[in-house]
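Just upload-v3.cif here, mmCIF, C-alpha atoms; chains and numbers go by the auth columns:
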```
data_upload
#
loop_
_atom_site.group_PDB
_atom_site.id
_atom_site.type_symbol
_atom_site.label_atom_id
_atom_site.label_comp_id
_atom_site.label_asym_id
_atom_site.label_seq_id
_atom_site.Cartn_x
_atom_site.Cartn_y
_atom_site.Cartn_z
_atom_site.B_iso_or_equiv
_atom_site.auth_seq_id
_atom_site.auth_asym_id
ATOM 1 C CA GLY A 1 9.733 15.532 0.344 0.00 263 A
ATOM 2 C CA ALA A 2 9.680 11.719 0.382 0.00 264 A
ATOM 3 C CA VAL A 3 8.704 11.204 -3.231 0.00 265 A
ATOM 4 C CA VAL A 4 8.891 7.809 -4.868 0.00 266 A
ATOM 5 C CA SER A 5 8.605 7.414 -8.616 0.00 267 A
ATOM 6 C CA GLN A 6 8.030 4.376 -10.801 0.00 268 A
ATOM 7 C CA HIS A 7 8.785 3.885 -14.448 0.00 269 A
ATOM 8 C CA PRO A 8 7.032 3.040 -16.616 0.00 270 A
ATOM 9 C CA SER A 9 3.535 3.871 -15.412 0.00 271 A
ATOM 10 C CA ARG A 10 2.041 1.482 -17.948 0.00 272 A
ATOM 11 C CA VAL A 11 3.570 -1.264 -20.034 0.00 273 A
ATOM 12 C CA ILE A 12 2.171 -3.798 -22.443 0.00 274 A
ATOM 13 C CA CYS A 13 4.332 -6.732 -23.429 0.00 275 A
ATOM 14 C CA LYS A 14 3.972 -9.982 -25.279 0.00 276 A
ATOM 15 C CA SER A 15 3.856 -13.301 -23.514 0.00 277 A
ATOM 16 C CA GLY A 16 7.333 -14.744 -23.042 0.00 278 A
ATOM 17 C CA THR A 17 9.173 -11.449 -22.928 0.00 279 A
ATOM 18 C CA SER A 18 10.696 -9.756 -19.891 0.00 280 A
ATOM 19 C CA VAL A 19 9.782 -6.404 -18.434 0.00 281 A
ATOM 20 C CA LYS A 20 11.744 -4.204 -16.069 0.00 282 A
ATOM 21 C CA ILE A 21 10.076 -1.788 -13.668 0.00 283 A
ATOM 22 C CA GLU A 22 12.076 0.880 -11.870 0.00 284 A
ATOM 23 C CA CYS A 23 11.401 2.351 -8.451 0.00 285 A
ATOM 24 C CA ARG A 24 13.277 5.457 -7.394 0.00 286 A
ATOM 25 C CA SER A 25 13.347 7.483 -4.215 0.00 287 A
ATOM 26 C CA LEU A 26 13.760 11.016 -5.520 0.00 288 A
ATOM 27 C CA ASP A 27 14.707 13.048 -2.487 0.00 289 A
ATOM 28 C CA PHE A 28 15.859 10.561 0.123 0.00 290 A
ATOM 29 C CA GLN A 29 17.961 7.460 0.455 0.00 291 A
ATOM 30 C CA ALA A 30 16.030 4.258 0.919 0.00 292 A
ATOM 31 C CA THR A 31 17.811 1.430 2.654 0.00 293 A
ATOM 32 C CA THR A 32 14.816 -0.810 2.099 0.00 294 A
ATOM 33 C CA MET A 33 12.345 -0.990 -0.733 0.00 295 A
ATOM 34 C CA PHE A 34 9.258 -3.145 -1.012 0.00 296 A
ATOM 35 C CA TRP A 35 7.412 -4.519 -4.016 0.00 297 A
ATOM 36 C CA TYR A 36 3.683 -5.126 -3.881 0.00 298 A
ATOM 37 C CA ARG A 37 1.260 -6.623 -6.312 0.00 299 A
ATOM 38 C CA GLN A 38 -2.370 -5.641 -6.599 0.00 300 A
ATOM 39 C CA PHE A 39 -4.918 -7.571 -8.623 0.00 301 A
ATOM 40 C CA PRO A 40 -8.072 -5.771 -9.778 0.00 302 A
ATOM 41 C CA LYS A 41 -10.408 -4.896 -6.941 0.00 303 A
ATOM 42 C CA GLN A 42 -8.069 -6.502 -4.402 0.00 304 A
ATOM 43 C CA SER A 43 -5.698 -5.330 -1.738 0.00 305 A
ATOM 44 C CA LEU A 44 -1.939 -5.036 -1.948 0.00 306 A
ATOM 45 C CA MET A 45 0.107 -8.153 -1.365 0.00 307 A
ATOM 46 C CA LEU A 46 3.754 -7.891 -0.448 0.00 308 A
ATOM 47 C CA MET A 47 5.948 -9.723 -2.937 0.00 309 A
ATOM 48 C CA ALA A 48 9.421 -9.035 -1.647 0.00 310 A
ATOM 49 C CA THR A 49 11.631 -6.823 0.450 0.00 311 A
ATOM 50 C CA SER A 50 14.897 -5.574 -0.940 0.00 312 A
ATOM 51 C CA ASN A 51 17.752 -4.085 0.995 0.00 313 A
ATOM 52 C CA GLU A 52 20.437 -2.112 -0.748 0.00 314 A
ATOM 53 C CA GLY A 53 23.398 -4.275 -1.621 0.00 315 A
ATOM 54 C CA SER A 54 21.890 -7.588 -0.588 0.00 316 A
ATOM 55 C CA LYS A 55 19.558 -10.213 -1.936 0.00 317 A
ATOM 56 C CA ALA A 56 15.841 -9.640 -1.781 0.00 318 A
ATOM 57 C CA THR A 57 13.637 -11.544 0.629 0.00 319 A
ATOM 58 C CA TYR A 58 10.626 -13.014 -1.100 0.00 320 A
ATOM 59 C CA GLU A 59 7.289 -13.736 0.463 0.00 321 A
ATOM 60 C CA GLN A 60 5.957 -17.257 0.430 0.00 322 A
ATOM 61 C CA GLY A 61 4.584 -18.239 -2.948 0.00 323 A
ATOM 62 C CA VAL A 62 6.497 -15.614 -4.931 0.00 324 A
ATOM 63 C CA GLU A 63 8.895 -17.109 -7.464 0.00 325 A
ATOM 64 C CA LYS A 64 12.254 -15.419 -7.064 0.00 326 A
ATOM 65 C CA ASP A 65 13.468 -16.627 -10.456 0.00 327 A
ATOM 66 C CA LYS A 66 10.466 -15.075 -12.137 0.00 328 A
ATOM 67 C CA PHE A 67 10.437 -11.785 -10.269 0.00 329 A
ATOM 68 C CA LEU A 68 14.029 -10.598 -10.187 0.00 330 A
ATOM 69 C CA ILE A 69 14.721 -7.752 -7.804 0.00 331 A
ATOM 70 C CA ASN A 70 17.834 -5.645 -7.794 0.00 332 A
ATOM 71 C CA HIS A 71 18.537 -2.881 -5.294 0.00 333 A
ATOM 72 C CA ALA A 72 21.863 -1.637 -6.529 0.00 334 A
ATOM 73 C CA SER A 73 21.787 1.797 -4.949 0.00 335 A
ATOM 74 C CA LEU A 74 20.099 3.660 -2.136 0.00 336 A
ATOM 75 C CA THR A 75 17.735 5.335 -4.570 0.00 337 A
ATOM 76 C CA LEU A 76 16.904 2.635 -7.090 0.00 338 A
ATOM 77 C CA SER A 77 15.314 -0.774 -7.030 0.00 339 A
ATOM 78 C CA THR A 78 14.211 -2.701 -10.096 0.00 340 A
ATOM 79 C CA LEU A 79 11.713 -5.493 -10.547 0.00 341 A
ATOM 80 C CA THR A 80 12.093 -7.622 -13.661 0.00 342 A
ATOM 81 C CA VAL A 81 9.238 -9.899 -14.607 0.00 343 A
ATOM 82 C CA THR A 82 10.872 -12.638 -16.635 0.00 344 A
ATOM 83 C CA SER A 83 9.090 -14.705 -19.273 0.00 345 A
ATOM 84 C CA ALA A 84 5.880 -12.858 -18.590 0.00 346 A
ATOM 85 C CA HIS A 85 2.535 -14.570 -18.951 0.00 347 A
ATOM 86 C CA PRO A 86 -0.981 -13.111 -19.027 0.00 348 A
ATOM 87 C CA GLU A 87 -1.514 -14.120 -15.395 0.00 349 A
ATOM 88 C CA ASP A 88 1.326 -11.753 -14.456 0.00 350 A
ATOM 89 C CA SER A 89 -0.814 -8.854 -15.602 0.00 351 A
ATOM 90 C CA SER A 90 -1.300 -6.732 -12.515 0.00 352 A
ATOM 91 C CA PHE A 91 -0.645 -3.395 -10.842 0.00 353 A
ATOM 92 C CA TYR A 92 2.807 -3.367 -9.274 0.00 354 A
ATOM 93 C CA ILE A 93 3.517 -0.830 -6.541 0.00 355 A
ATOM 94 C CA CYS A 94 6.809 -0.156 -4.843 0.00 356 A
ATOM 95 C CA SER A 95 7.499 1.596 -1.585 0.00 357 A
ATOM 96 C CA ALA A 96 10.652 2.917 -0.024 0.00 358 A
ATOM 97 C CA ARG A 97 11.632 3.194 3.599 0.00 359 A
ATOM 98 C CA VAL A 98 14.118 5.534 5.121 0.00 360 A
ATOM 99 C CA GLY A 99 16.620 3.938 7.439 0.00 361 A
ATOM 100 C CA GLY A 100 17.951 5.091 10.758 0.00 362 A
ATOM 101 C CA GLY A 101 15.042 4.016 12.930 0.00 363 A
ATOM 102 C CA THR A 102 12.347 5.651 10.812 0.00 364 A
ATOM 103 C CA TYR A 103 9.934 3.079 9.518 0.00 365 A
ATOM 104 C CA GLU A 104 7.687 5.169 7.318 0.00 366 A
ATOM 105 C CA GLN A 105 7.074 3.711 3.885 0.00 367 A
ATOM 106 C CA TYR A 106 6.482 6.009 0.941 0.00 368 A
ATOM 107 C CA PHE A 107 4.621 4.553 -2.004 0.00 369 A
ATOM 108 C CA GLY A 108 5.219 4.956 -5.694 0.00 370 A
ATOM 109 C CA PRO A 109 2.365 5.634 -8.132 0.00 371 A
ATOM 110 C CA GLY A 110 2.333 2.078 -9.445 0.00 372 A
ATOM 111 C CA THR A 111 2.966 0.366 -12.782 0.00 373 A
ATOM 112 C CA ARG A 112 0.189 -1.281 -14.748 0.00 374 A
ATOM 113 C CA LEU A 113 1.552 -4.372 -16.524 0.00 375 A
ATOM 114 C CA THR A 114 -0.519 -6.009 -19.243 0.00 376 A
ATOM 115 C CA VAL A 115 0.788 -9.190 -20.834 0.00 377 A
ATOM 116 C CA THR A 116 -0.855 -10.135 -24.105 0.00 378 A
ATOM 117 C CA ALA B 1 0.954 -12.418 13.527 0.00 255 B
ATOM 118 C CA GLN B 2 -1.066 -9.330 12.809 0.00 256 B
ATOM 119 C CA SER B 3 -4.137 -8.969 10.658 0.00 257 B
ATOM 120 C CA VAL B 4 -6.482 -6.244 9.517 0.00 258 B
ATOM 121 C CA THR B 5 -10.153 -6.609 8.702 0.00 259 B
ATOM 122 C CA GLN B 6 -12.096 -3.971 6.858 0.00 260 B
ATOM 123 C CA LEU B 7 -15.650 -4.850 7.636 0.00 261 B
ATOM 124 C CA ASP B 8 -17.235 -3.409 4.502 0.00 262 B
ATOM 125 C CA SER B 9 -15.977 -4.020 0.981 0.00 263 B
ATOM 126 C CA HIS B 10 -18.267 -1.282 -0.367 0.00 264 B
ATOM 127 C CA VAL B 11 -19.775 1.788 1.258 0.00 265 B
ATOM 128 C CA SER B 12 -22.138 4.154 -0.520 0.00 266 B
ATOM 129 C CA VAL B 13 -23.054 7.575 0.844 0.00 267 B
ATOM 130 C CA SER B 14 -24.677 10.710 -0.497 0.00 268 B
ATOM 131 C CA GLU B 15 -22.647 13.838 -0.961 0.00 269 B
ATOM 132 C CA GLY B 16 -22.703 15.927 2.194 0.00 270 B
ATOM 133 C CA THR B 17 -23.470 13.020 4.533 0.00 271 B
ATOM 134 C CA PRO B 18 -21.045 11.445 7.025 0.00 272 B
ATOM 135 C CA VAL B 19 -18.599 8.718 6.080 0.00 273 B
ATOM 136 C CA LEU B 20 -17.693 5.752 8.290 0.00 274 B
ATOM 137 C CA LEU B 21 -15.202 3.133 7.091 0.00 275 B
ATOM 138 C CA ARG B 22 -14.639 0.401 9.630 0.00 276 B
ATOM 139 C CA CYS B 23 -11.368 -1.314 10.460 0.00 277 B
ATOM 140 C CA ASN B 24 -10.461 -3.864 13.109 0.00 278 B
ATOM 141 C CA TYR B 25 -7.022 -5.223 13.732 0.00 279 B
ATOM 142 C CA SER B 26 -5.359 -7.954 15.685 0.00 280 B
ATOM 143 C CA SER B 27 -1.854 -7.705 17.005 0.00 281 B
ATOM 144 C CA SER B 28 0.282 -9.200 19.706 0.00 282 B
ATOM 145 C CA TYR B 29 2.401 -6.076 19.872 0.00 283 B
ATOM 146 C CA SER B 30 1.874 -2.361 19.995 0.00 284 B
ATOM 147 C CA PRO B 31 0.730 -1.403 16.497 0.00 285 B
ATOM 148 C CA SER B 32 0.957 1.637 14.321 0.00 286 B
ATOM 149 C CA LEU B 33 -2.110 2.083 12.166 0.00 287 B
ATOM 150 C CA PHE B 34 -2.604 3.899 8.901 0.00 288 B
ATOM 151 C CA TRP B 35 -5.319 4.769 6.459 0.00 289 B
ATOM 152 C CA TYR B 36 -4.405 5.136 2.793 0.00 290 B
ATOM 153 C CA VAL B 37 -6.552 6.224 -0.137 0.00 291 B
ATOM 154 C CA GLN B 38 -6.121 4.984 -3.694 0.00 292 B
ATOM 155 C CA HIS B 39 -7.805 6.598 -6.649 0.00 293 B
ATOM 156 C CA PRO B 40 -8.224 4.483 -9.821 0.00 294 B
ATOM 157 C CA ASN B 41 -4.917 3.462 -11.369 0.00 295 B
ATOM 158 C CA LYS B 42 -3.024 5.577 -8.876 0.00 296 B
ATOM 159 C CA GLY B 43 -0.648 4.843 -6.038 0.00 297 B
ATOM 160 C CA LEU B 44 -1.412 5.127 -2.359 0.00 298 B
ATOM 161 C CA GLN B 45 -1.790 8.409 -0.539 0.00 299 B
ATOM 162 C CA LEU B 46 -1.436 8.513 3.234 0.00 300 B
ATOM 163 C CA LEU B 47 -4.524 9.993 4.898 0.00 301 B
ATOM 164 C CA LEU B 48 -3.473 9.668 8.505 0.00 302 B
ATOM 165 C CA LYS B 49 -1.544 7.533 10.962 0.00 303 B
ATOM 166 C CA TYR B 50 -1.630 6.501 14.599 0.00 304 B
ATOM 167 C CA THR B 51 1.711 5.851 16.271 0.00 305 B
ATOM 168 C CA SER B 52 0.904 5.661 20.000 0.00 306 B
ATOM 169 C CA ALA B 53 0.350 9.353 20.627 0.00 307 B
ATOM 170 C CA ALA B 54 -3.148 10.887 20.655 0.00 308 B
ATOM 171 C CA THR B 55 -5.833 8.289 20.023 0.00 309 B
ATOM 172 C CA LEU B 56 -7.888 10.657 17.867 0.00 310 B
ATOM 173 C CA VAL B 57 -5.924 11.318 14.741 0.00 311 B
ATOM 174 C CA LYS B 58 -6.732 14.015 12.223 0.00 312 B
ATOM 175 C CA GLY B 59 -5.652 13.574 8.637 0.00 313 B
ATOM 176 C CA ILE B 60 -5.896 15.302 5.327 0.00 314 B
ATOM 177 C CA ASN B 61 -9.083 16.237 3.469 0.00 315 B
ATOM 178 C CA GLY B 62 -11.158 16.338 6.653 0.00 316 B
ATOM 179 C CA PHE B 63 -10.704 12.681 7.582 0.00 317 B
ATOM 180 C CA GLU B 64 -10.039 11.480 11.083 0.00 318 B
ATOM 181 C CA ALA B 65 -9.770 8.164 12.876 0.00 319 B
ATOM 182 C CA GLU B 66 -9.893 7.046 16.481 0.00 320 B
ATOM 183 C CA PHE B 67 -7.725 4.289 17.898 0.00 321 B
ATOM 184 C CA LYS B 68 -9.718 2.235 20.401 0.00 322 B
ATOM 185 C CA LYS B 69 -7.515 -0.369 21.996 0.00 323 B
ATOM 186 C CA SER B 70 -10.340 -2.015 23.924 0.00 324 B
ATOM 187 C CA GLU B 71 -12.240 -2.578 20.693 0.00 325 B
ATOM 188 C CA THR B 72 -9.121 -3.149 18.536 0.00 326 B
ATOM 189 C CA SER B 73 -10.609 -0.716 16.073 0.00 327 B
ATOM 190 C CA PHE B 74 -9.386 2.197 13.975 0.00 328 B
ATOM 191 C CA HIS B 75 -12.440 3.432 12.095 0.00 329 B
ATOM 192 C CA LEU B 76 -12.125 6.250 9.560 0.00 330 B
ATOM 193 C CA THR B 77 -14.682 9.044 9.552 0.00 331 B
ATOM 194 C CA LYS B 78 -15.466 12.276 7.758 0.00 332 B
ATOM 195 C CA PRO B 79 -18.368 14.567 8.661 0.00 333 B
ATOM 196 C CA SER B 80 -19.387 15.406 5.112 0.00 334 B
ATOM 197 C CA ALA B 81 -18.557 13.407 1.996 0.00 335 B
ATOM 198 C CA HIS B 82 -17.421 15.073 -1.200 0.00 336 B
ATOM 199 C CA MET B 83 -17.623 13.612 -4.671 0.00 337 B
ATOM 200 C CA SER B 84 -13.832 13.600 -4.845 0.00 338 B
ATOM 201 C CA ASP B 85 -13.710 11.225 -1.855 0.00 339 B
ATOM 202 C CA ALA B 86 -14.881 8.357 -4.058 0.00 340 B
ATOM 203 C CA ALA B 87 -11.941 5.938 -4.034 0.00 341 B
ATOM 204 C CA GLU B 88 -10.560 2.775 -2.465 0.00 342 B
ATOM 205 C CA TYR B 89 -9.469 3.044 1.160 0.00 343 B
ATOM 206 C CA PHE B 90 -7.019 0.734 2.889 0.00 344 B
ATOM 207 C CA CYS B 91 -6.496 0.265 6.603 0.00 345 B
ATOM 208 C CA VAL B 92 -2.946 -0.836 7.326 0.00 346 B
ATOM 209 C CA VAL B 93 -1.229 -2.087 10.457 0.00 347 B
ATOM 210 C CA ARG B 94 2.449 -2.050 11.223 0.00 348 B
ATOM 211 C CA ILE B 95 3.825 -3.939 14.146 0.00 349 B
ATOM 212 C CA ASN B 96 6.588 -2.007 15.839 0.00 350 B
ATOM 213 C CA ASN B 97 9.152 -4.740 16.047 0.00 351 B
ATOM 214 C CA ALA B 98 12.261 -5.473 14.057 0.00 352 B
ATOM 215 C CA GLY B 99 10.375 -6.352 10.931 0.00 353 B
ATOM 216 C CA ASN B 100 8.084 -3.329 10.796 0.00 354 B
ATOM 217 C CA MET B 101 6.193 -4.857 7.911 0.00 355 B
ATOM 218 C CA LEU B 102 2.873 -3.511 6.721 0.00 356 B
ATOM 219 C CA THR B 103 -0.236 -5.643 6.605 0.00 357 B
ATOM 220 C CA PHE B 104 -3.074 -4.353 4.428 0.00 358 B
ATOM 221 C CA GLY B 105 -6.766 -4.738 4.942 0.00 359 B
ATOM 222 C CA GLY B 106 -8.871 -5.901 2.041 0.00 360 B
ATOM 223 C CA GLY B 107 -9.936 -2.383 1.142 0.00 361 B
ATOM 224 C CA THR B 108 -13.239 -0.522 1.141 0.00 362 B
ATOM 225 C CA ARG B 109 -14.583 1.103 -1.976 0.00 363 B
ATOM 226 C CA LEU B 110 -16.325 4.343 -1.131 0.00 364 B
ATOM 227 C CA MET B 111 -18.952 5.537 -3.557 0.00 365 B
ATOM 228 C CA VAL B 112 -20.402 9.038 -3.248 0.00 366 B
ATOM 229 C CA LYS B 113 -23.759 9.765 -4.821 0.00 367 B
ATOM 230 C CA PRO B 114 -24.677 13.285 -5.903 0.00 368 B
#
```
Turn this file's structure into structure tokens for me.
Amino acid sequence: GAVVSQHPSRVICKSGTSVKIECRSLDFQATTMFWYRQFPKQSLMLMATSNEGSKATYEQGVEKDKFLINHASLTLSTLTVTSAHPEDSSFYICSARVGGGTYEQYFGPGTRLTVT
Amino acid sequence: AQSVTQLDSHVSVSEGTPVLLRCNYSSSYSPSLFWYVQHPNKGLQLLLKYTSAATLVKGINGFEAEFKKSETSFHLTKPSAHMSDAAEYFCVVRINNAGNMLTFGGGTRLMVKP
């Protein structure tokens, strides 16, 4: 149980284009999902927290107009990197948290984004 | 605010020898503590967690960690390293308040020599 998937696992896009990454909780409903970014050989940094049906909360320094987050259902959150640039190349990892007083986060396998 | 410090960015051991990955935390509240492992280009796998029950926590793959409040430490150990243990390890703290956000340590890369 508690499986989180991400799609795609790898994506290469040209500078200036937009890319959408999906995060799905496969066997549970996630009231809250989190998006992290990981640069090579570095730790995970929280980008934003999304709650189903409401606007995402972005961490300081994360551009909300560049990293669009939608959490339209209890099993799906999407991260869209708009007008991507090479410096957006990174490993993006989502996690999902079950509600109802349980605070465990379950992590997806990550998406490697390369912007050329 | 909470923070997590992993004292070693790299640890190298020989196969069959003990592993020690060090982690210290700071927190104003009662924390939950986790160790995750990440293999190259993979997501995070939970090794073990401490959530205010027994201070010695046993996890998967022979790993264990001991919560020492007086030392604000949560070091990860394994008696005998295996080649497949080579990976990045993250110590993570969660403060048990309304936010319940995770704070990650900087990570420790474990290398296992044959």
Expanded to explicit residues, what is the PyMOL selection byres ((chain B) within 10 of (chain A)) for this file, as JSON, numbers by chain?
{"B": [263, 292, 295, 296, 297, 298, 299, 300, 342, 343, 344, 348, 350, 352, 353, 354, 355, 356, 357, 358, 359, 360, 361, 362, 363]}
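Atom pair atom CA of A:Ser312 / atom CA of B:Tyr279 has a distance of 26.4 Å (rounded to one decimal).
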Tell me which residues the PyMOL selection byres ((chain B and resi 255) around 10) grabs here, as a list in words.
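Taken on the displayed file, the PyMOL selection byres ((chain B and resi 255) around 10) yields the residues Gln256, Ser257, Ser280, Ser281, Ser282, Tyr283, Ile349 and Thr357 of chain B.
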Quick one: write out the picked residues with C-alpha atoms as a short mmCIF file (atom, residue, chain, number, x, y, z; two decimals), in the frame of the given file?
```
data_model
loop_
_atom_site.label_atom_id
_atom_site.label_comp_id
_atom_site.auth_asym_id
_atom_site.auth_seq_id
_atom_site.Cartn_x
_atom_site.Cartn_y
_atom_site.Cartn_z
CA GLN B 256 -1.07 -9.33 12.81
CA SER B 257 -4.14 -8.97 10.66
CA SER B 280 -5.36 -7.95 15.68
CA SER B 281 -1.85 -7.70 17.00
CA SER B 282 0.28 -9.20 19.71
CA TYR B 283 2.40 -6.08 19.87
CA ILE B 349 3.82 -3.94 14.15
CA THR B 357 -0.24 -5.64 6.60
#
```
Any idea what's packed within 6 Å of B:Arg276, counting all atoms listed in the file, ignoring anything in its chain fewer than 5 positions away? Could you give it as a PyMOL selection string?
chain B and resi 260-261+329
Computed interatomic separation between atom CA of A:Ser316 and atom CA of A:Lys328 (Å):
17.9 Å
Any chance you could work out the residue set of the PyMOL selection byres ((chain A and resi 283) around 6) here, as a list of chain:residue names?
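After applying the PyMOL selection byres ((chain A and resi 283) around 6), what remains is A:His269, A:Lys282, A:Glu284, A:Thr340, A:Leu341.
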Would you pick out the contacts of A:Ser339 at 8 Å or less, using all atoms listed in the file, so that residues sharing its chain but fewer than 4 positions from it are not included, and give the list as an mmCIF file with C-alpha atoms, keeping the file's coordinate frame?
```
data_model
loop_
_atom_site.group_PDB
_atom_site.id
_atom_site.type_symbol
_atom_site.label_atom_id
_atom_site.label_comp_id
_atom_site.auth_asym_id
_atom_site.auth_seq_id
_atom_site.Cartn_x
_atom_site.Cartn_y
_atom_site.Cartn_z
ATOM 1 C CA GLU A 284 12.076 0.880 -11.870
ATOM 2 C CA CYS A 285 11.401 2.351 -8.451
ATOM 3 C CA ARG A 286 13.277 5.457 -7.394
ATOM 4 C CA MET A 295 12.345 -0.990 -0.733
ATOM 5 C CA SER A 312 14.897 -5.574 -0.940
ATOM 6 C CA ILE A 331 14.721 -7.752 -7.804
ATOM 7 C CA ASN A 332 17.834 -5.645 -7.794
ATOM 8 C CA HIS A 333 18.537 -2.881 -5.294
ATOM 9 C CA ALA A 334 21.863 -1.637 -6.529
ATOM 10 C CA SER A 335 21.787 1.797 -4.949
#
```
Excluding B:Leu364 and residues on its chain fewer than 4 positions from it, collect all residues at most 9 Å away from it, counting only C-alpha atoms, and give them as number ranges by chain.
B: 263-267, 273, 275, 339-343
Distance in Å - atom CA of A:Thr293 versus atom CA of B:Ser286:
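Atom CA of B:Ser286 lies at a distance of 20.5 Å from atom CA of A:Thr293.
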Which residue out of A:Gln300, A:Ser287, A:Gln322, A:Thr376 has the minimum interatomic distance to A:Ala346 when all atoms listed in the file are used?
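Closest to A:Ala346, using all atoms listed in the file: A:Thr376.
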Excluding A:Ser277 and its own-chain neighbours fewer than 4 positions away, which residues fall within 7 Å of it when counting only C-alpha atoms? Please give them as a list in words.
Ser345, Ala346, His347, Pro348, Val377 and Thr378 of chain A
Go ahead and save the residues from that selection, with C-alpha atoms, as an mmCIF file, in the frame of the given file.
```
data_model
loop_
_atom_site.group_PDB
_atom_site.id
_atom_site.type_symbol
_atom_site.label_atom_id
_atom_site.label_comp_id
_atom_site.auth_asym_id
_atom_site.auth_seq_id
_atom_site.Cartn_x
_atom_site.Cartn_y
_atom_site.Cartn_z
ATOM 1 C CA SER A 345 9.090 -14.705 -19.273
ATOM 2 C CA ALA A 346 5.880 -12.858 -18.590
ATOM 3 C CA HIS A 347 2.535 -14.570 -18.951
ATOM 4 C CA PRO A 348 -0.981 -13.111 -19.027
ATOM 5 C CA VAL A 377 0.788 -9.190 -20.834
ATOM 6 C CA THR A 378 -0.855 -10.135 -24.105
#
```
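If all atoms listed in the file are the atoms counted, then among B:Ser334, B:Trp289, B:Val366, B:Ser306 the closest residue to B:Ala319 is B:Trp289.
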Within 12 Å of B:Gly316, counting only C-alpha atoms, which residues show up once you throw out same-chain ones fewer than 6 positions away? Write them as a VMD selection string, please.
chain B and resid 272 to 273 301 to 302 330 to 336 339
